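Next comes input_38.txt, with compact mmCIF, C-alpha atoms.
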# COMPACT_ATOMS: atom_id res chain seq x y z
CA THR A 1 -56.95 94.27 -59.67
CA ARG A 2 -59.49 93.18 -57.07
CA GLY A 3 -62.04 95.69 -58.39
CA VAL A 4 -61.91 94.34 -61.94
CA SER A 5 -62.00 90.73 -60.73
CA GLY A 6 -64.98 91.53 -58.55
CA LEU A 7 -66.90 93.11 -61.43
CA ILE A 8 -66.18 90.11 -63.67
CA PHE A 9 -67.50 87.81 -60.93
CA ILE A 10 -70.66 89.92 -60.63
CA ILE A 11 -71.28 89.81 -64.38
CA LYS A 12 -70.91 86.03 -64.47
CA LEU A 13 -73.16 85.66 -61.43
CA THR A 14 -75.90 87.81 -62.93
CA GLU A 15 -75.74 85.87 -66.18
CA GLN A 16 -76.13 82.56 -64.35
CA ILE A 17 -79.04 83.75 -62.22
CA SER A 18 -80.81 85.27 -65.23
CA GLN A 19 -80.80 81.87 -66.92
CA PHE A 20 -83.09 80.52 -64.19
CA GLY A 21 -85.76 82.98 -65.26
CA GLY A 22 -85.80 81.72 -68.84
CA LYS A 23 -88.59 83.04 -71.01
CA ARG A 24 -90.75 83.74 -68.00
CA MET A 25 -88.74 86.83 -67.04
CA LYS A 26 -90.52 90.05 -68.04
CA ASN A 27 -88.66 92.09 -70.58
CA LYS A 28 -88.97 95.39 -68.74
CA TRP A 29 -86.11 97.52 -67.52
CA TYR A 30 -87.23 97.54 -63.89
CA ASP A 31 -87.26 93.74 -63.77
CA TYR A 32 -83.46 93.86 -63.73
CA LEU A 33 -82.96 96.33 -60.90
CA TRP A 34 -81.74 93.43 -58.74
CA ILE A 35 -78.48 93.78 -60.64
CA ALA A 36 -78.11 97.27 -59.17
CA SER A 37 -78.47 95.81 -55.67
CA VAL A 38 -75.70 93.29 -56.33
CA LEU A 39 -73.47 95.96 -57.85
CA TYR A 40 -74.07 98.33 -54.95
CA LEU A 41 -72.96 95.85 -52.29
CA SER A 42 -70.01 94.77 -54.41
CA LEU A 43 -68.78 98.28 -55.20
CA GLY A 44 -69.01 99.22 -51.53
CA PHE A 45 -66.72 96.31 -50.79
CA PHE A 46 -63.99 97.85 -52.95
CA ASN A 47 -64.65 101.56 -52.39
CA ILE A 48 -66.77 102.70 -49.46
CA LEU A 49 -67.75 106.00 -51.09
CA PHE A 50 -70.09 104.07 -53.39
CA ALA A 51 -72.24 103.60 -50.29
CA TRP A 52 -73.65 107.07 -50.89
CA LEU A 53 -75.52 105.68 -53.90
CA GLY A 54 -77.75 103.85 -51.45
CA MET A 55 -79.44 107.15 -50.61
CA VAL A 56 -81.42 106.61 -53.80
CA CYS A 57 -83.10 103.64 -52.11
CA PHE A 58 -84.06 105.88 -49.19
CA ILE A 59 -85.29 108.95 -51.04
CA THR A 60 -87.00 107.40 -54.07
CA PRO A 61 -89.59 105.24 -52.21
CA ILE A 62 -90.69 108.22 -50.09
CA LEU A 63 -90.97 110.53 -53.10
CA ILE A 64 -92.99 107.99 -55.07
CA SER A 65 -95.33 107.46 -52.13
CA ILE A 66 -95.79 111.20 -51.62
CA ILE A 67 -96.44 111.87 -55.30
CA THR A 68 -98.56 108.83 -56.20
CA GLY A 69 -99.91 107.70 -52.85
CA THR A 70 -98.89 104.13 -53.68
CA LYS A 71 -96.14 101.66 -52.84
CA ALA A 72 -95.08 101.43 -56.48
CA TYR A 73 -91.41 101.37 -55.52
CA CYS A 74 -91.86 98.32 -53.30
CA ASN A 75 -94.03 96.52 -55.85
CA LYS A 76 -92.04 97.29 -59.00
CA TYR A 77 -88.70 98.97 -58.48
CA CYS A 78 -87.15 97.43 -55.37
CA GLY A 79 -84.05 95.63 -56.60
CA ARG A 80 -83.45 94.01 -53.25
CA GLY A 81 -86.89 92.39 -53.26
CA GLN A 82 -86.20 91.11 -56.77
CA LEU A 83 -82.87 89.70 -55.62
CA PHE A 84 -84.53 87.80 -52.77
CA THR A 85 -87.10 86.41 -55.22
CA LEU A 86 -84.38 85.22 -57.58
CA LEU A 87 -82.37 83.61 -54.81
CA GLY A 88 -85.38 82.03 -53.15
CA LYS A 89 -87.42 80.89 -56.12
CA LYS A 90 -85.03 80.55 -59.02
CA LEU A 91 -82.23 79.01 -57.00
CA ASN A 92 -84.74 77.21 -54.76
CA ILE A 93 -82.97 77.98 -51.50
CA SER A 94 -86.03 79.27 -49.65
CA ARG A 95 -88.13 77.05 -47.39
CA ASN A 96 -91.10 79.07 -48.68
CA ARG A 97 -92.95 79.08 -45.37
CA SER A 98 -95.32 81.78 -44.22
CA ILE A 99 -93.69 84.37 -42.02
CA PRO A 100 -94.83 84.25 -38.36
CA ALA A 101 -97.81 86.41 -37.42
CA TRP A 102 -95.80 88.33 -34.82
CA ILE A 103 -93.45 89.61 -37.51
CA ARG A 104 -96.44 90.79 -39.56
CA SER A 105 -97.97 92.53 -36.56
CA LYS A 106 -98.08 96.31 -36.35
CA TRP A 107 -96.21 96.44 -33.06
CA PHE A 108 -93.23 94.61 -34.52
CA ARG A 109 -93.17 96.50 -37.83
CA TYR A 110 -93.54 99.90 -36.19
CA GLY A 111 -91.15 98.92 -33.43
CA PHE A 112 -88.54 97.80 -35.95
CA LEU A 113 -89.02 101.05 -37.89
CA ALA A 114 -88.49 103.05 -34.69
CA PHE A 115 -85.36 101.04 -33.85
CA PHE A 116 -84.09 101.41 -37.40
CA MET A 117 -84.58 105.19 -37.32
CA LEU A 118 -82.84 105.40 -33.94
CA MET A 119 -79.81 103.59 -35.37
CA PHE A 120 -79.90 105.89 -38.40
CA ILE A 121 -79.94 108.96 -36.14
CA LEU A 122 -76.98 107.61 -34.17
CA MET A 123 -75.16 107.15 -37.47
CA ILE A 124 -75.83 110.80 -38.33
CA ILE A 125 -74.58 111.86 -34.89
CA ASN A 126 -71.33 109.95 -35.41
CA THR A 127 -70.94 111.65 -38.78
CA ILE A 128 -71.43 115.08 -37.17
CA LEU A 129 -68.89 114.28 -34.46
CA VAL A 130 -66.32 113.37 -37.11
CA PHE A 131 -67.19 116.58 -38.98
CA LYS A 132 -66.49 118.59 -35.82
CA ASP A 133 -63.26 116.66 -35.14
CA ALA A 134 -64.77 115.43 -31.89
CA LYS A 135 -64.35 111.82 -32.96
CA THR A 136 -61.97 109.91 -35.22
CA MET A 137 -63.29 108.20 -38.31
CA SER A 138 -63.90 104.48 -37.96
CA GLN A 139 -62.91 102.34 -40.94
CA THR A 140 -65.29 99.57 -39.94
CA VAL A 141 -68.65 98.24 -41.04
CA THR A 142 -71.07 97.38 -38.23
CA LEU A 143 -73.09 94.28 -39.06
CA LEU A 144 -76.44 93.76 -37.33
CA TRP A 145 -75.71 96.89 -35.26
CA THR A 146 -73.35 94.81 -33.12
CA PHE A 147 -70.38 93.28 -34.92
CA LYS A 148 -67.68 95.69 -36.08
CA ILE A 149 -65.89 94.35 -39.14
CA PRO A 150 -62.64 95.96 -40.39
CA TRP A 151 -63.25 97.52 -43.81
CA HIS A 152 -60.09 99.59 -44.20
CA TRP A 153 -59.28 98.29 -47.69
CA ALA A 154 -62.38 100.08 -49.03
CA TYR A 155 -61.10 103.45 -47.82
CA ARG A 156 -59.35 104.27 -51.08
CA ILE A 157 -60.03 107.96 -51.68
CA THR A 158 -58.53 109.81 -48.74
CA ASP A 159 -58.64 113.38 -50.06
CA VAL A 160 -62.32 113.89 -49.28
CA PRO A 161 -63.55 115.21 -45.91
CA MET A 162 -63.54 112.44 -43.32
CA TRP A 163 -67.18 112.97 -42.42
CA ILE A 164 -68.15 111.96 -45.96
CA SER A 165 -66.31 108.67 -45.57
CA GLN A 166 -67.70 108.19 -42.05
CA PHE A 167 -71.25 108.53 -43.36
CA ALA A 168 -70.41 106.05 -46.11
CA PHE A 169 -69.16 103.46 -43.63
CA GLY A 170 -72.27 103.93 -41.50
CA PHE A 171 -74.70 103.85 -44.38
CA TYR A 172 -73.09 100.79 -45.92
CA SER A 173 -73.47 99.12 -42.53
CA VAL A 174 -77.21 99.81 -42.66
CA MET A 175 -77.57 98.49 -46.20
CA LEU A 176 -75.47 95.39 -45.54
CA THR A 177 -77.32 94.62 -42.31
CA SER A 178 -80.74 94.91 -43.95
CA THR A 179 -79.57 92.67 -46.78
CA VAL A 180 -78.33 90.03 -44.33
CA LEU A 181 -81.65 90.15 -42.45
CA GLY A 182 -83.49 89.83 -45.75
CA ILE A 183 -81.43 86.80 -46.76
CA ILE A 184 -82.01 85.12 -43.40
CA THR A 185 -85.78 85.55 -43.60
CA MET A 186 -85.68 84.52 -47.26
CA LEU A 187 -84.00 81.24 -46.31
CA PHE A 188 -86.46 80.32 -43.56
CA TYR A 189 -89.66 81.81 -44.95
CA LYS A 190 -90.99 83.05 -48.30
CA PRO A 191 -88.45 84.81 -50.54
CA ARG A 192 -89.73 88.35 -50.00
CA SER A 193 -90.52 88.01 -46.29
CA TRP A 194 -88.16 90.92 -45.65
CA CYS A 195 -90.69 93.17 -47.38
CA VAL A 196 -93.16 92.47 -44.57
CA TYR A 197 -91.08 94.33 -41.99
CA CYS A 198 -88.78 96.42 -44.19
CA PRO A 199 -88.51 99.87 -42.56
CA MET A 200 -88.83 101.66 -45.89
CA GLY A 201 -91.89 99.60 -46.75
CA THR A 202 -93.48 100.47 -43.40
CA MET A 203 -92.59 104.13 -43.85
CA THR A 204 -94.07 104.33 -47.36
CA GLN A 205 -97.19 102.61 -46.07
CA LEU A 206 -97.56 105.31 -43.42
CA VAL A 207 -97.07 108.00 -46.07
CA CYS A 208 -99.76 106.42 -48.25
CA LYS A 209 -102.19 106.26 -45.31
CA ALA A 210 -101.51 109.90 -44.45
CA LYS A 211 -102.01 110.94 -48.06
CA ASP A 212 -105.35 109.08 -48.21
CA LYS A 213 -106.59 111.05 -45.21
CA LEU A 214 -105.76 114.41 -46.78
The structure given in the file should be rewritten as structure tokens.
Amino acid sequence: TRGVSGLIFIIKLTEQISQFGGKRMKNKWYDYLWIASVLYLSLGFFNILFAWLGMVCFITPILISIITGTKAYCNKYCGRGQLFTLLGKKLNISRNRSIPAWIRSKWFRYGFLAFFMLMFILMIINTILVFKDAKTMSQTVTLLWTFKIPWHWAYRITDVPMWISQFAFGFYSVMLTSTVLGIITMLFYKPRSWCVYCPMGTMTQLVCKAKDKL
């Protein structure tokens, strides 16, 4: 089946990328969380309900910041950041240039966070409308908040409430869009340039600043 073939492809891909690290790769469990990022995007391609697993990437960074007052998640446990590092450095496909100052600026980072949260709220509203039968479920993934891509083949389990699937389609759109943006900035600038303006990174930074003031 397509699911099995996809998983086999992922395993082979991860084995090939790991070889680039050689002996220099740290032998710690969290150094391989990039595999989870690859699996997440791949599983969502075959079954959209796997998109719910991405909530871990939303909740965990905030909890760690609240409890520890640090950005430990971003520095150690972010599988997406690790993936960009592997693609950019190990595969040498990054131009490795410094990201422009305007992207590092507070107005852009906070503005992007505000925009991101607005899009997230709209996604929640759409989910509520489907829950109330005021709107039909859309079997599409919206890339870059603009391009609607048919994703009907991933709607495999139909005996769950439609609002659950609607949220999954919306959330997968968010995760896929952020990954695409991260890859684009990785190609043109340093591998982890996405981390500079990542909404979750900005949010955890605000949490850490608030905790320091308490």
Handout entry: Counting all atoms listed in the file, the option among A:Phe45, A:Cys78, A:Leu39, A:Trp163 closest to Ile149 in chain A
Key =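 Residue with the minimum atom-to-atom distance to Ile149 in chain A: A:Phe45.
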Exercise for the section: For Thr60 in chain A, list every protein, DNA or RNA residue within 12 Å, evaluated using all atoms listed in the file, and leave out those in the same chain fewer than 5 positions away; present the list as a PyMOL selection string. Expected result: chain A and resi 53-55+65-68+71-74+77-78+200-201+204
Using all atoms of range 161-168 of chain A that appear in the file, construct an axis-aligned enclosing box with 4 Å of padding on every side and provide its centre coordinates and edge lengths in Å, rounded to one decimal, as JSON.
{"center_x": -67.4, "center_y": 110.6, "center_z": -44.1, "size_x": 15.7, "size_y": 17.2, "size_z": 12.1}
Practice task
Within 7 Å of Leu187 in chain A, counting all atoms listed in the file, which residues show up once you throw out same-chain ones fewer than 5 positions away? Write them as a list of chain:residue names, please.
Solution key: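 That gives A:Ile93, A:Ser94, A:Arg95.
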Practice task
Using all atoms listed in the file, pick whichever of A:Ile99, A:Val174, A:Met203, A:Leu49 has the shortest atom-to-atom distance to Met119 in chain A.
Solution key: A:Val174
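Shortest atom-to-atom contact with Asn126 in chain A among A:Leu206, A:Leu144, A:Ala101, A:Ile164: A:Ile164, counting all atoms listed in the file.
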Exercise for the section: Find the residue from A:Arg192, A:Lys135, A:Arg156, A:Arg97 that sits nearest to Phe84 in chain A; use all atoms listed in the file when measuring. Expected result: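 Closest residue, counting all atoms listed in the file: A:Arg192.
In this comparison, which uses only C-alpha atoms, the residue of A:Pro191, A:Pro150, A:Gly69, A:Gly88 approaching Lys213 in chain A most closely is A:Gly69.
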Practice task
Choose the residue, out of A:Ala51, A:Ile64, A:Ala114, A:Leu86, that has the smallest atom-to-atom separation from Phe167 in chain A; count all atoms listed in the file.
Solution key: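 For Phe167 in chain A, the nearest of the candidates is A:Ala51.
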Handout entry: Ref. answer, residues at most 10 Å from (-62.4, 111.2, -37.7) with all atoms listed in the file, as JSON, numbers by chain
Key = {"A": [126, 127, 128, 129, 130, 131, 132, 133, 134, 135, 136, 137, 138, 139, 161, 162, 163, 165, 166]}
